[in-house]
$ cat protein_6.pdb   # PDB, C-alpha atoms, pLDDT in the B column
ATOM      1  CA  MET Y 112    -170.554 120.071  71.095  1.00 38.00           C
ATOM      2  CA  THR Y 113    -173.697 118.387  72.434  1.00 38.00           C
ATOM      3  CA  SER Y 114    -174.534 115.234  70.561  1.00 39.00           C
ATOM      4  CA  ALA Y 115    -177.438 115.579  68.177  1.00 39.00           C
ATOM      5  CA  ALA Y 116    -178.479 112.103  69.262  1.00 37.00           C
ATOM      6  CA  GLN Y 117    -178.858 113.376  72.825  1.00 37.00           C
ATOM      7  CA  ASP Y 118    -180.641 116.515  71.682  1.00 41.00           C
ATOM      8  CA  SER Y 119    -183.093 114.493  69.612  1.00 38.00           C
ATOM      9  CA  GLY Y 120    -184.674 112.967  72.691  1.00 39.00           C
ATOM     10  CA  SER Y 121    -184.000 109.486  71.340  1.00 39.00           C
ATOM     11  CA  SER Y 122    -185.289 106.669  73.506  1.00 40.00           C
ATOM     12  CA  GLY Y 123    -181.818 105.127  73.499  1.00 42.00           C
ATOM     13  CA  GLY Y 124    -182.306 102.843  70.502  1.00 47.00           C
ATOM     14  CA  GLU Y 125    -179.745 102.524  67.765  1.00 52.00           C
ATOM     15  CA  PRO Y 126    -179.912 105.525  65.394  1.00 50.00           C
ATOM     16  CA  GLY Y 127    -180.709 104.515  61.851  1.00 47.00           C
ATOM     17  CA  VAL Y 128    -184.287 103.337  62.137  1.00 48.00           C
ATOM     18  CA  ALA Y 129    -186.597 106.268  62.656  1.00 48.00           C
ATOM     19  CA  SER Y 130    -189.001 105.790  65.521  1.00 52.00           C
ATOM     20  CA  ARG Y 131    -192.601 106.110  64.392  1.00 60.00           C
ATOM     21  CA  THR Y 132    -194.428 108.003  67.106  1.00 64.00           C
ATOM     22  CA  GLY Y 133    -197.121 109.456  64.901  1.00 72.00           C
ATOM     23  CA  VAL Y 134    -195.653 112.924  65.394  1.00 81.00           C
ATOM     24  CA  THR Y 135    -194.573 114.533  62.136  1.00 86.00           C
ATOM     25  CA  GLY Y 136    -190.898 115.440  62.253  1.00 89.00           C
ATOM     26  CA  THR Y 137    -189.728 112.691  64.600  1.00 91.00           C
ATOM     27  CA  ALA Y 138    -187.812 110.955  61.823  1.00 94.00           C
ATOM     28  CA  LEU Y 139    -186.008 114.225  61.064  1.00 95.00           C
ATOM     29  CA  LEU Y 140    -184.527 114.131  64.556  1.00 95.00           C
ATOM     30  CA  GLU Y 141    -183.339 110.589  63.898  1.00 96.00           C
ATOM     31  CA  ALA Y 142    -181.717 111.773  60.652  1.00 97.00           C
ATOM     32  CA  VAL Y 143    -179.834 114.457  62.575  1.00 97.00           C
ATOM     33  CA  ALA Y 144    -178.688 111.822  65.067  1.00 97.00           C
ATOM     34  CA  VAL Y 145    -177.418 109.559  62.285  1.00 97.00           C
ATOM     35  CA  MET Y 146    -175.447 112.406  60.722  1.00 97.00           C
ATOM     36  CA  ASP Y 147    -174.000 113.231  64.131  1.00 97.00           C
ATOM     37  CA  ARG Y 148    -172.749 109.666  64.511  1.00 97.00           C
ATOM     38  CA  LEU Y 149    -171.296 109.553  60.989  1.00 97.00           C
ATOM     39  CA  ARG Y 150    -169.236 112.715  61.592  1.00 97.00           C
ATOM     40  CA  SER Y 151    -168.250 111.960  65.173  1.00 96.00           C
ATOM     41  CA  PRO Y 152    -165.124 110.036  66.269  1.00 96.00           C
ATOM     42  CA  GLY Y 153    -165.602 106.366  65.548  1.00 96.00           C
ATOM     43  CA  GLY Y 154    -167.987 107.152  62.718  1.00 97.00           C
ATOM     44  CA  CYS Y 155    -167.390 107.004  58.960  1.00 97.00           C
ATOM     45  CA  PRO Y 156    -163.897 108.059  57.776  1.00 97.00           C
ATOM     46  CA  TRP Y 157    -165.205 109.231  54.398  1.00 97.00           C
ATOM     47  CA  ASP Y 158    -167.983 111.317  55.921  1.00 98.00           C
ATOM     48  CA  ALA Y 159    -165.536 112.818  58.410  1.00 97.00           C
ATOM     49  CA  GLU Y 160    -163.260 114.041  55.609  1.00 97.00           C
ATOM     50  CA  GLN Y 161    -165.887 115.948  53.671  1.00 98.00           C
ATOM     51  CA  THR Y 162    -166.053 119.746  53.415  1.00 98.00           C
ATOM     52  CA  HIS Y 163    -168.575 122.181  51.961  1.00 98.00           C
ATOM     53  CA  ARG Y 164    -166.550 122.315  48.762  1.00 97.00           C
ATOM     54  CA  SER Y 165    -166.121 118.555  48.393  1.00 97.00           C
ATOM     55  CA  LEU Y 166    -169.848 118.051  48.944  1.00 97.00           C
ATOM     56  CA  ALA Y 167    -170.914 120.724  46.440  1.00 95.00           C
ATOM     57  CA  PRO Y 168    -171.178 118.410  43.396  1.00 94.00           C
ATOM     58  CA  TYR Y 169    -173.394 116.001  45.318  1.00 96.00           C
ATOM     59  CA  LEU Y 170    -175.863 118.749  46.239  1.00 95.00           C
ATOM     60  CA  LEU Y 171    -176.318 119.604  42.571  1.00 91.00           C
ATOM     61  CA  GLU Y 172    -176.442 115.952  41.503  1.00 94.00           C
ATOM     62  CA  GLU Y 173    -179.071 115.008  44.073  1.00 96.00           C
ATOM     63  CA  ALA Y 174    -181.220 118.002  43.148  1.00 94.00           C
ATOM     64  CA  TYR Y 175    -181.134 116.944  39.501  1.00 92.00           C
ATOM     65  CA  GLU Y 176    -182.047 113.367  40.419  1.00 96.00           C
ATOM     66  CA  ALA Y 177    -185.045 114.643  42.380  1.00 96.00           C
ATOM     67  CA  TYR Y 178    -186.006 116.739  39.371  1.00 92.00           C
ATOM     68  CA  GLN Y 179    -185.747 113.636  37.195  1.00 91.00           C
ATOM     69  CA  ALA Y 180    -188.138 111.796  39.515  1.00 95.00           C
ATOM     70  CA  LEU Y 181    -190.598 114.669  39.117  1.00 93.00           C
ATOM     71  CA  GLU Y 182    -190.288 114.469  35.342  1.00 89.00           C
ATOM     72  CA  ASP Y 183    -190.890 110.734  35.482  1.00 91.00           C
ATOM     73  CA  ASP Y 184    -193.927 111.276  37.738  1.00 94.00           C
ATOM     74  CA  ASP Y 185    -192.448 108.616  40.018  1.00 97.00           C
ATOM     75  CA  SER Y 186    -193.637 109.343  43.542  1.00 97.00           C
ATOM     76  CA  ASP Y 187    -191.588 106.580  45.188  1.00 97.00           C
ATOM     77  CA  ALA Y 188    -188.409 107.714  43.442  1.00 97.00           C
ATOM     78  CA  LEU Y 189    -189.155 111.315  44.398  1.00 97.00           C
ATOM     79  CA  ARG Y 190    -189.440 110.365  48.065  1.00 97.00           C
ATOM     80  CA  ASP Y 191    -186.110 108.572  47.864  1.00 98.00           C
ATOM     81  CA  GLU Y 192    -184.353 111.383  46.007  1.00 98.00           C
ATOM     82  CA  LEU Y 193    -185.683 114.043  48.377  1.00 98.00           C
ATOM     83  CA  GLY Y 194    -184.117 111.995  51.156  1.00 97.00           C
ATOM     84  CA  ASP Y 195    -180.784 112.331  49.358  1.00 98.00           C
ATOM     85  CA  VAL Y 196    -181.319 116.092  49.063  1.00 98.00           C
ATOM     86  CA  LEU Y 197    -182.117 116.221  52.783  1.00 98.00           C
ATOM     87  CA  LEU Y 198    -178.902 114.312  53.458  1.00 98.00           C
ATOM     88  CA  GLN Y 199    -176.953 117.091  51.768  1.00 98.00           C
ATOM     89  CA  VAL Y 200    -178.696 119.709  53.924  1.00 98.00           C
ATOM     90  CA  LEU Y 201    -177.899 117.761  57.081  1.00 98.00           C
ATOM     91  CA  PHE Y 202    -174.321 117.173  55.922  1.00 98.00           C
ATOM     92  CA  HIS Y 203    -173.582 120.840  55.216  1.00 98.00           C
ATOM     93  CA  ALA Y 204    -175.194 121.917  58.493  1.00 98.00           C
ATOM     94  CA  ARG Y 205    -173.086 119.399  60.434  1.00 98.00           C
ATOM     95  CA  VAL Y 206    -169.880 120.562  58.713  1.00 98.00           C
ATOM     96  CA  ALA Y 207    -170.752 124.162  59.532  1.00 98.00           C
ATOM     97  CA  ALA Y 208    -171.512 123.313  63.168  1.00 97.00           C
ATOM     98  CA  GLU Y 209    -167.961 122.037  63.632  1.00 97.00           C
ATOM     99  CA  ALA Y 210    -166.378 125.353  62.640  1.00 95.00           C
ATOM    100  CA  PRO Y 211    -165.672 128.034  65.269  1.00 96.00           C
ATOM    101  CA  GLY Y 212    -168.703 130.291  65.496  1.00 96.00           C
ATOM    102  CA  GLY Y 213    -170.555 128.021  63.085  1.00 96.00           C
ATOM    103  CA  TRP Y 214    -174.233 127.283  62.734  1.00 98.00           C
ATOM    104  CA  ASP Y 215    -176.204 124.056  62.830  1.00 97.00           C
ATOM    105  CA  ILE Y 216    -179.359 122.487  61.433  1.00 97.00           C
ATOM    106  CA  ASP Y 217    -181.519 124.263  64.025  1.00 97.00           C
ATOM    107  CA  ASP Y 218    -180.198 127.609  62.775  1.00 97.00           C
ATOM    108  CA  VAL Y 219    -181.070 126.582  59.235  1.00 97.00           C
ATOM    109  CA  ALA Y 220    -184.595 125.574  60.235  1.00 97.00           C
ATOM    110  CA  ALA Y 221    -185.111 128.646  62.437  1.00 97.00           C
ATOM    111  CA  GLY Y 222    -184.025 130.937  59.632  1.00 96.00           C
ATOM    112  CA  LEU Y 223    -186.462 129.229  57.277  1.00 96.00           C
ATOM    113  CA  VAL Y 224    -189.333 129.532  59.756  1.00 97.00           C
ATOM    114  CA  ASP Y 225    -188.632 133.230  60.305  1.00 96.00           C
ATOM    115  CA  LYS Y 226    -188.493 133.858  56.569  1.00 94.00           C
ATOM    116  CA  LEU Y 227    -191.716 131.982  55.817  1.00 95.00           C
ATOM    117  CA  VAL Y 228    -193.640 133.748  58.564  1.00 96.00           C
ATOM    118  CA  ARG Y 229    -192.236 137.156  57.590  1.00 94.00           C
ATOM    119  CA  ARG Y 230    -192.997 136.705  53.906  1.00 93.00           C
ATOM    120  CA  HIS Y 231    -196.527 135.379  54.419  1.00 95.00           C
ATOM    121  CA  PRO Y 232    -198.212 138.219  56.341  1.00 94.00           C
ATOM    122  CA  HIS Y 233    -201.507 137.215  54.693  1.00 95.00           C
ATOM    123  CA  VAL Y 234    -201.297 133.975  56.675  1.00 95.00           C
ATOM    124  CA  PHE Y 235    -199.490 134.933  59.873  1.00 95.00           C
ATOM    125  CA  ALA Y 236    -200.574 138.594  60.147  1.00 94.00           C
ATOM    126  CA  ASP Y 237    -203.491 140.719  58.983  1.00 92.00           C
ATOM    127  CA  THR Y 238    -202.443 141.529  55.406  1.00 93.00           C
ATOM    128  CA  ALA Y 239    -205.275 140.915  52.941  1.00 93.00           C
ATOM    129  CA  VAL Y 240    -204.642 139.467  49.483  1.00 92.00           C
ATOM    130  CA  SER Y 241    -206.981 138.727  46.610  1.00 93.00           C
ATOM    131  CA  GLY Y 242    -204.895 136.042  44.964  1.00 93.00           C
ATOM    132  CA  SER Y 243    -201.440 134.740  44.116  1.00 92.00           C
ATOM    133  CA  ALA Y 244    -200.503 137.912  42.201  1.00 88.00           C
ATOM    134  CA  ASP Y 245    -200.837 139.928  45.414  1.00 91.00           C
ATOM    135  CA  VAL Y 246    -198.795 137.306  47.257  1.00 93.00           C
ATOM    136  CA  GLU Y 247    -195.948 137.637  44.737  1.00 86.00           C
ATOM    137  CA  ALA Y 248    -196.081 141.433  44.867  1.00 86.00           C
ATOM    138  CA  ASN Y 249    -195.954 141.428  48.667  1.00 89.00           C
ATOM    139  CA  TRP Y 250    -193.100 138.903  48.593  1.00 85.00           C
ATOM    140  CA  ASP Y 251    -191.052 141.208  46.363  1.00 80.00           C
ATOM    141  CA  GLU Y 252    -191.704 144.238  48.562  1.00 85.00           C
ATOM    142  CA  ILE Y 253    -190.773 142.324  51.717  1.00 88.00           C
ATOM    143  CA  LYS Y 254    -187.528 141.139  50.114  1.00 83.00           C
ATOM    144  CA  LYS Y 255    -186.678 144.725  49.161  1.00 81.00           C
ATOM    145  CA  ALA Y 256    -187.213 145.853  52.757  1.00 87.00           C
ATOM    146  CA  GLU Y 257    -185.136 142.943  54.095  1.00 85.00           C
ATOM    147  CA  LYS Y 258    -182.151 143.689  51.869  1.00 83.00           C
ATOM    148  CA  PRO Y 259    -182.011 147.338  50.804  1.00 83.00           C
ATOM    149  CA  GLY Y 260    -179.843 148.007  47.792  1.00 79.00           C
ATOM    150  CA  ARG Y 261    -180.536 144.659  46.172  1.00 80.00           C
ATOM    151  CA  THR Y 262    -180.622 144.659  42.396  1.00 82.00           C
ATOM    152  CA  ILE Y 263    -183.245 142.858  40.366  1.00 80.00           C
ATOM    153  CA  ALA Y 264    -180.812 140.072  39.545  1.00 85.00           C
ATOM    154  CA  ASP Y 265    -179.564 139.493  43.086  1.00 86.00           C
ATOM    155  CA  GLY Y 266    -180.281 135.988  44.260  1.00 83.00           C
ATOM    156  CA  VAL Y 267    -180.551 134.497  40.772  1.00 90.00           C
ATOM    157  CA  PRO Y 268    -177.961 131.676  40.770  1.00 89.00           C
ATOM    158  CA  LEU Y 269    -175.682 131.776  37.753  1.00 90.00           C
ATOM    159  CA  ALA Y 270    -175.299 128.005  38.112  1.00 86.00           C
ATOM    160  CA  LEU Y 271    -178.775 127.562  36.634  1.00 89.00           C
ATOM    161  CA  PRO Y 272    -178.917 125.970  33.179  1.00 91.00           C
ATOM    162  CA  ALA Y 273    -178.801 128.694  30.534  1.00 94.00           C
ATOM    163  CA  LEU Y 274    -182.451 128.522  29.450  1.00 94.00           C
ATOM    164  CA  ALA Y 275    -183.651 128.499  33.051  1.00 94.00           C
ATOM    165  CA  LEU Y 276    -181.319 131.401  33.847  1.00 94.00           C
ATOM    166  CA  VAL Y 277    -182.670 133.538  30.992  1.00 96.00           C
ATOM    167  CA  ALA Y 278    -186.253 132.665  31.958  1.00 96.00           C
ATOM    168  CA  LYS Y 279    -185.624 133.639  35.591  1.00 94.00           C
ATOM    169  CA  LEU Y 280    -184.019 136.940  34.620  1.00 95.00           C
ATOM    170  CA  GLN Y 281    -186.861 137.732  32.225  1.00 95.00           C
ATOM    171  CA  SER Y 282    -189.363 137.008  34.997  1.00 92.00           C
ATOM    172  CA  ARG Y 283    -187.509 139.233  37.452  1.00 88.00           C
ATOM    173  CA  GLY Y 284    -187.174 142.015  34.900  1.00 90.00           C
ATOM    174  CA  ALA Y 285    -190.836 141.884  33.917  1.00 91.00           C
ATOM    175  CA  ARG Y 286    -192.015 141.960  37.539  1.00 84.00           C
ATOM    176  CA  ALA Y 287    -189.761 144.924  38.279  1.00 82.00           C
ATOM    177  CA  GLY Y 288    -190.850 146.775  35.139  1.00 86.00           C
ATOM    178  CA  SER Y 289    -187.298 146.997  33.819  1.00 88.00           C
ATOM    179  CA  TRP Y 290    -187.841 144.554  30.951  1.00 92.00           C
ATOM    180  CA  SER Y 291    -190.872 143.983  28.772  1.00 93.00           C
ATOM    181  CA  PRO Y 292    -191.539 140.865  26.735  1.00 94.00           C
ATOM    182  CA  PRO Y 293    -191.932 141.441  22.994  1.00 95.00           C
ATOM    183  CA  ALA Y 294    -195.415 142.458  21.921  1.00 95.00           C
ATOM    184  CA  ASP Y 295    -195.391 139.622  19.393  1.00 96.00           C
ATOM    185  CA  PRO Y 296    -193.111 136.862  20.733  1.00 96.00           C
ATOM    186  CA  ALA Y 297    -193.565 134.654  17.668  1.00 97.00           C
ATOM    187  CA  ALA Y 298    -192.560 137.492  15.329  1.00 97.00           C
ATOM    188  CA  ALA Y 299    -189.540 138.204  17.519  1.00 97.00           C
ATOM    189  CA  VAL Y 300    -188.454 134.574  17.177  1.00 97.00           C
ATOM    190  CA  THR Y 301    -188.942 134.681  13.399  1.00 97.00           C
ATOM    191  CA  SER Y 302    -186.885 137.869  13.146  1.00 97.00           C
ATOM    192  CA  ALA Y 303    -184.134 136.461  15.358  1.00 97.00           C
ATOM    193  CA  ALA Y 304    -184.104 133.216  13.355  1.00 97.00           C
ATOM    194  CA  ALA Y 305    -183.699 135.131  10.095  1.00 97.00           C
ATOM    195  CA  ALA Y 306    -180.808 137.142  11.546  1.00 97.00           C
ATOM    196  CA  ALA Y 307    -179.142 133.965  12.827  1.00 96.00           C
ATOM    197  CA  ALA Y 308    -179.557 132.232   9.470  1.00 97.00           C
ATOM    198  CA  ALA Y 309    -178.079 135.197   7.613  1.00 97.00           C
ATOM    199  CA  ASP Y 310    -175.141 135.521   9.996  1.00 96.00           C
ATOM    200  CA  PRO Y 311    -174.690 132.479  12.229  1.00 95.00           C
ATOM    201  CA  ALA Y 312    -172.666 133.724  15.163  1.00 96.00           C
ATOM    202  CA  SER Y 313    -172.711 133.427  18.939  1.00 95.00           C
ATOM    203  CA  ASP Y 314    -174.625 136.684  19.375  1.00 96.00           C
ATOM    204  CA  THR Y 315    -177.290 136.004  16.741  1.00 96.00           C
ATOM    205  CA  ILE Y 316    -177.833 132.440  17.966  1.00 97.00           C
ATOM    206  CA  ALA Y 317    -178.031 133.725  21.556  1.00 97.00           C
ATOM    207  CA  ASP Y 318    -180.623 136.334  20.502  1.00 97.00           C
ATOM    208  CA  LEU Y 319    -182.681 133.564  18.911  1.00 97.00           C
ATOM    209  CA  LEU Y 320    -182.544 131.481  22.078  1.00 97.00           C
ATOM    210  CA  VAL Y 321    -183.489 134.456  24.267  1.00 97.00           C
ATOM    211  CA  ALA Y 322    -186.432 135.233  21.989  1.00 97.00           C
ATOM    212  CA  THR Y 323    -187.496 131.587  22.139  1.00 97.00           C
ATOM    213  CA  VAL Y 324    -187.418 131.681  25.932  1.00 97.00           C
ATOM    214  CA  ALA Y 325    -189.715 134.733  25.857  1.00 97.00           C
ATOM    215  CA  LEU Y 326    -192.062 132.911  23.463  1.00 97.00           C
ATOM    216  CA  ALA Y 327    -192.218 129.894  25.786  1.00 97.00           C
ATOM    217  CA  ARG Y 328    -192.845 132.037  28.858  1.00 96.00           C
ATOM    218  CA  GLY Y 329    -195.569 133.947  27.033  1.00 95.00           C
ATOM    219  CA  ALA Y 330    -197.267 130.621  26.369  1.00 96.00           C
ATOM    220  CA  GLY Y 331    -197.017 129.692  30.038  1.00 95.00           C
ATOM    221  CA  LEU Y 332    -194.320 127.083  29.410  1.00 96.00           C
ATOM    222  CA  ASP Y 333    -191.063 126.415  31.217  1.00 94.00           C
ATOM    223  CA  PRO Y 334    -188.473 126.532  28.404  1.00 95.00           C
ATOM    224  CA  GLU Y 335    -186.013 124.380  30.339  1.00 93.00           C
ATOM    225  CA  ALA Y 336    -188.617 121.677  30.958  1.00 91.00           C
ATOM    226  CA  VAL Y 337    -189.843 121.839  27.351  1.00 94.00           C
ATOM    227  CA  LEU Y 338    -186.359 121.348  25.929  1.00 94.00           C
ATOM    228  CA  ARG Y 339    -185.548 118.603  28.440  1.00 91.00           C
ATOM    229  CA  ARG Y 340    -188.641 116.648  27.384  1.00 90.00           C
ATOM    230  CA  ARG Y 341    -187.612 116.933  23.752  1.00 93.00           C
ATOM    231  CA  ALA Y 342    -184.027 115.953  24.604  1.00 92.00           C
ATOM    232  CA  ILE Y 343    -185.276 112.873  26.462  1.00 89.00           C
ATOM    233  CA  ALA Y 344    -187.444 111.913  23.483  1.00 91.00           C
ATOM    234  CA  PHE Y 345    -184.409 112.360  21.232  1.00 92.00           C
ATOM    235  CA  ARG Y 346    -182.355 110.211  23.579  1.00 90.00           C
ATOM    236  CA  ASP Y 347    -184.990 107.478  23.383  1.00 89.00           C
ATOM    237  CA  GLU Y 348    -184.780 107.582  19.597  1.00 90.00           C
ATOM    238  CA  LEU Y 349    -181.011 107.198  19.773  1.00 91.00           C
ATOM    239  CA  THR Y 350    -181.218 104.202  22.076  1.00 85.00           C
ATOM    240  CA  HIS Y 351    -183.093 102.106  19.520  1.00 73.00           C
ATOM    241  CA  PRO Y 352    -180.978  99.220  18.220  1.00 69.00           C
ATOM    242  CA  ILE Y 353    -178.955 100.191  15.174  1.00 64.00           C
ATOM    243  CA  SER Y 354    -179.906  98.128  12.171  1.00 63.00           C
ATOM    244  CA  VAL Y 355    -176.988  97.011  10.024  1.00 58.00           C
ATOM    245  CA  SER Y 356    -177.431  96.349   6.337  1.00 60.00           C
ATOM    246  CA  PRO Y 357    -176.855  92.687   5.486  1.00 59.00           C
ATOM    247  CA  ASP Y 358    -174.632  93.839   2.621  1.00 62.00           C
ATOM    248  CA  ARG Y 359    -172.147  95.281   5.089  1.00 56.00           C
ATOM    249  CA  PRO Y 360    -169.442  93.122   6.661  1.00 50.00           C
TER     250      PRO Y 360
END

$ encode --input "protein_6.pdb" --output "structure tokens"
Amino acid sequence: MTSAAQDSGSSGGEPGVASRTGVTGTALLEAVAVMDRLRSPGGCPWDAEQTHRSLAPYLLEEAYEAYQALEDDDSDALRDELGDVLLQVLFHARVAAEAPGGWDIDDVAAGLVDKLVRRHPHVFADTAVSGSADVEANWDEIKKAEKPGRTIADGVPLALPALALVAKLQSRGARAGSWSPPADPAAAVTSAAAAAAADPASDTIADLLVATVALARGAGLDPEAVLRRRAIAFRDELTHPISVSPDRP
């Protein structure tokens, strides 16, 4: 395998400090070179032992930490956390490159470029659009042509948090015309809440949550983000010092 450090066109300096040439993307080549050294003989023993499966938890963890930086509106933290997400991309690509008939980071990037160009004919071809709704409609049609036989739910990761998963499926169903949001989302929530109160069970509680997701989406809100904000506020309340009555020992 040709060394990524050689392929990067490095000037011969020690990988690890990205050269600043003023050309966007130069530091990405340095990152590839660093990963190459970590996985190569004489590199890091821990890095050399990792597999796709062993790295899986870190990919999810780093994505959540980047999401947290977004929630905190912390630009510096977001930059740092996106670097950790990029590390996972580089890591998985390097592991794959070592397998017989594998693929590497260039294959990942090339596939992304092809997909973006193909799915944006209003930018890279002569398709005319009047707004983002047309862009989404074209995107769906292009995806159907790319993968015939796909179902509406294909590509929706079941690893999503439950509220986000329901919201994504509702969005897919609505766009495909196979599911319609309730005409009166608030009334649907009230009805589901009454049913859950009368017979608290997994199904009735689930129906209430699904109706609540539809209500949030109808209001233009991300139900997962809304609940996370409330959970964080609740956490902050719980972290206040606990006052102890002086009458207690």

$ resolve_selection --input "protein_6.pdb" --expression "the PyMOL selection byres ((chain Y and resi 247) around 12)" --output "PyMOL selection string"
chain Y and resi 230-233+240-246+248-254+282-283+286-287

$ residues_near_point --input "protein_6.pdb" --point "(-189.0, 116.1, 41.4)" --cutoff "12 Å" --atoms "all atoms listed in the file" --output "MDAnalysis selection string"
chainID Y and resid 173:194 196 336

$ atom_distance --input "protein_6.pdb" --atom1 "atom CA of Gly284 of chain Y" --atom2 "atom CA of Ile263 of chain Y"
6.8 Å

$ closest_atom_pairs --input "protein_6.pdb" --of "segment 216-329 of chain Y" --to "segment 138-144 of chain Y" --cutoff "12 Å" --atoms "all atoms listed in the file" --output "tab-separated table"
residue	atom	partner	partner_atom	distance
Y:Ile216	CA	Y:Val143	CA	8.1
Y:Asp217	CA	Y:Val143	CA	10.1
Y:Ala220	CA	Y:Leu139	CA	11.5

$ write_last_selection --input "protein_6.pdb" --atoms "C-alpha atoms" --output "tab-separated table (two decimals), keeping the file's coordinate frame"
chain	number	residue	atom	x	y	z
Y	216	ILE	CA	-179.36	122.49	61.43
Y	217	ASP	CA	-181.52	124.26	64.03
Y	220	ALA	CA	-184.60	125.57	60.24

$ atom_distance --input "protein_6.pdb" --atom1 "atom CA of Ser151 of chain Y" --atom2 "atom CA of Glu209 of chain Y"
10.2 Å

$ closest_residue --input "protein_6.pdb" --among "Y:Leu166, Y:Leu171, Y:Val324, Y:Ala239" --to "Leu276 of chain Y" --atoms "only C-alpha atoms"
Y:Val324

$ atom_distance --input "protein_6.pdb" --atom1 "atom CA of Leu201 of chain Y" --atom2 "atom CA of Gly153 of chain Y"
18.8 Å

$ resolve_selection --input "protein_6.pdb" --expression "the PyMOL selection byres ((chain Y and resi 279) around 12)" --output "count of residues only"
29

$ build_atoms --input "protein_6.pdb" --residues "segment 159-175 of chain Y" --atoms "N, CA and C atoms" --output "PDB file, keeping the file's coordinate frame"
ATOM      1  N   ALA Y 159    -166.293 111.900  57.564  1.00 97.00           N
ATOM      2  CA  ALA Y 159    -165.536 112.818  58.410  1.00 97.00           C
ATOM      3  C   ALA Y 159    -164.595 113.712  57.613  1.00 97.00           C
ATOM      4  N   GLU Y 160    -164.208 113.274  56.419  1.00 97.00           N
ATOM      5  CA  GLU Y 160    -163.260 114.041  55.609  1.00 97.00           C
ATOM      6  C   GLU Y 160    -163.928 115.112  54.753  1.00 97.00           C
ATOM      7  N   GLN Y 161    -165.224 115.068  54.627  1.00 98.00           N
ATOM      8  CA  GLN Y 161    -165.887 115.948  53.671  1.00 98.00           C
ATOM      9  C   GLN Y 161    -165.944 117.402  54.149  1.00 98.00           C
ATOM     10  N   THR Y 162    -165.953 118.302  53.169  1.00 98.00           N
ATOM     11  CA  THR Y 162    -166.053 119.746  53.415  1.00 98.00           C
ATOM     12  C   THR Y 162    -167.205 120.289  52.569  1.00 98.00           C
ATOM     13  N   HIS Y 163    -167.541 121.560  52.788  1.00 98.00           N
ATOM     14  CA  HIS Y 163    -168.575 122.181  51.961  1.00 98.00           C
ATOM     15  C   HIS Y 163    -168.217 122.056  50.480  1.00 98.00           C
ATOM     16  N   ARG Y 164    -166.958 122.316  50.164  1.00 97.00           N
ATOM     17  CA  ARG Y 164    -166.550 122.315  48.762  1.00 97.00           C
ATOM     18  C   ARG Y 164    -166.578 120.905  48.169  1.00 97.00           C
ATOM     19  N   SER Y 165    -166.124 119.923  48.928  1.00 97.00           N
ATOM     20  CA  SER Y 165    -166.121 118.555  48.393  1.00 97.00           C
ATOM     21  C   SER Y 165    -167.534 118.019  48.214  1.00 97.00           C
ATOM     22  N   LEU Y 166    -168.466 118.512  49.025  1.00 97.00           N
ATOM     23  CA  LEU Y 166    -169.848 118.051  48.944  1.00 97.00           C
ATOM     24  C   LEU Y 166    -170.651 118.771  47.864  1.00 97.00           C
ATOM     25  N   ALA Y 167    -170.147 119.896  47.375  1.00 95.00           N
ATOM     26  CA  ALA Y 167    -170.914 120.724  46.440  1.00 95.00           C
ATOM     27  C   ALA Y 167    -171.454 119.953  45.241  1.00 95.00           C
ATOM     28  N   PRO Y 168    -170.639 119.126  44.569  1.00 94.00           N
ATOM     29  CA  PRO Y 168    -171.178 118.410  43.396  1.00 94.00           C
ATOM     30  C   PRO Y 168    -172.347 117.493  43.737  1.00 94.00           C
ATOM     31  N   TYR Y 169    -172.324 116.920  44.942  1.00 96.00           N
ATOM     32  CA  TYR Y 169    -173.394 116.001  45.318  1.00 96.00           C
ATOM     33  C   TYR Y 169    -174.716 116.744  45.526  1.00 96.00           C
ATOM     34  N   LEU Y 170    -174.641 117.959  46.040  1.00 95.00           N
ATOM     35  CA  LEU Y 170    -175.863 118.749  46.239  1.00 95.00           C
ATOM     36  C   LEU Y 170    -176.545 118.986  44.902  1.00 95.00           C
ATOM     37  N   LEU Y 171    -175.763 119.354  43.904  1.00 91.00           N
ATOM     38  CA  LEU Y 171    -176.318 119.604  42.571  1.00 91.00           C
ATOM     39  C   LEU Y 171    -176.836 118.312  41.952  1.00 91.00           C
ATOM     40  N   GLU Y 172    -176.058 117.245  42.084  1.00 94.00           N
ATOM     41  CA  GLU Y 172    -176.442 115.952  41.503  1.00 94.00           C
ATOM     42  C   GLU Y 172    -177.740 115.443  42.106  1.00 94.00           C
ATOM     43  N   GLU Y 173    -177.863 115.519  43.422  1.00 96.00           N
ATOM     44  CA  GLU Y 173    -179.071 115.008  44.073  1.00 96.00           C
ATOM     45  C   GLU Y 173    -180.294 115.842  43.704  1.00 96.00           C
ATOM     46  N   ALA Y 174    -180.101 117.154  43.552  1.00 94.00           N
ATOM     47  CA  ALA Y 174    -181.220 118.002  43.148  1.00 94.00           C
ATOM     48  C   ALA Y 174    -181.701 117.625  41.749  1.00 94.00           C
ATOM     49  N   TYR Y 175    -180.760 117.352  40.855  1.00 92.00           N
ATOM     50  CA  TYR Y 175    -181.134 116.944  39.501  1.00 92.00           C
ATOM     51  C   TYR Y 175    -181.832 115.585  39.499  1.00 92.00           C
TER      52      TYR Y 175
END
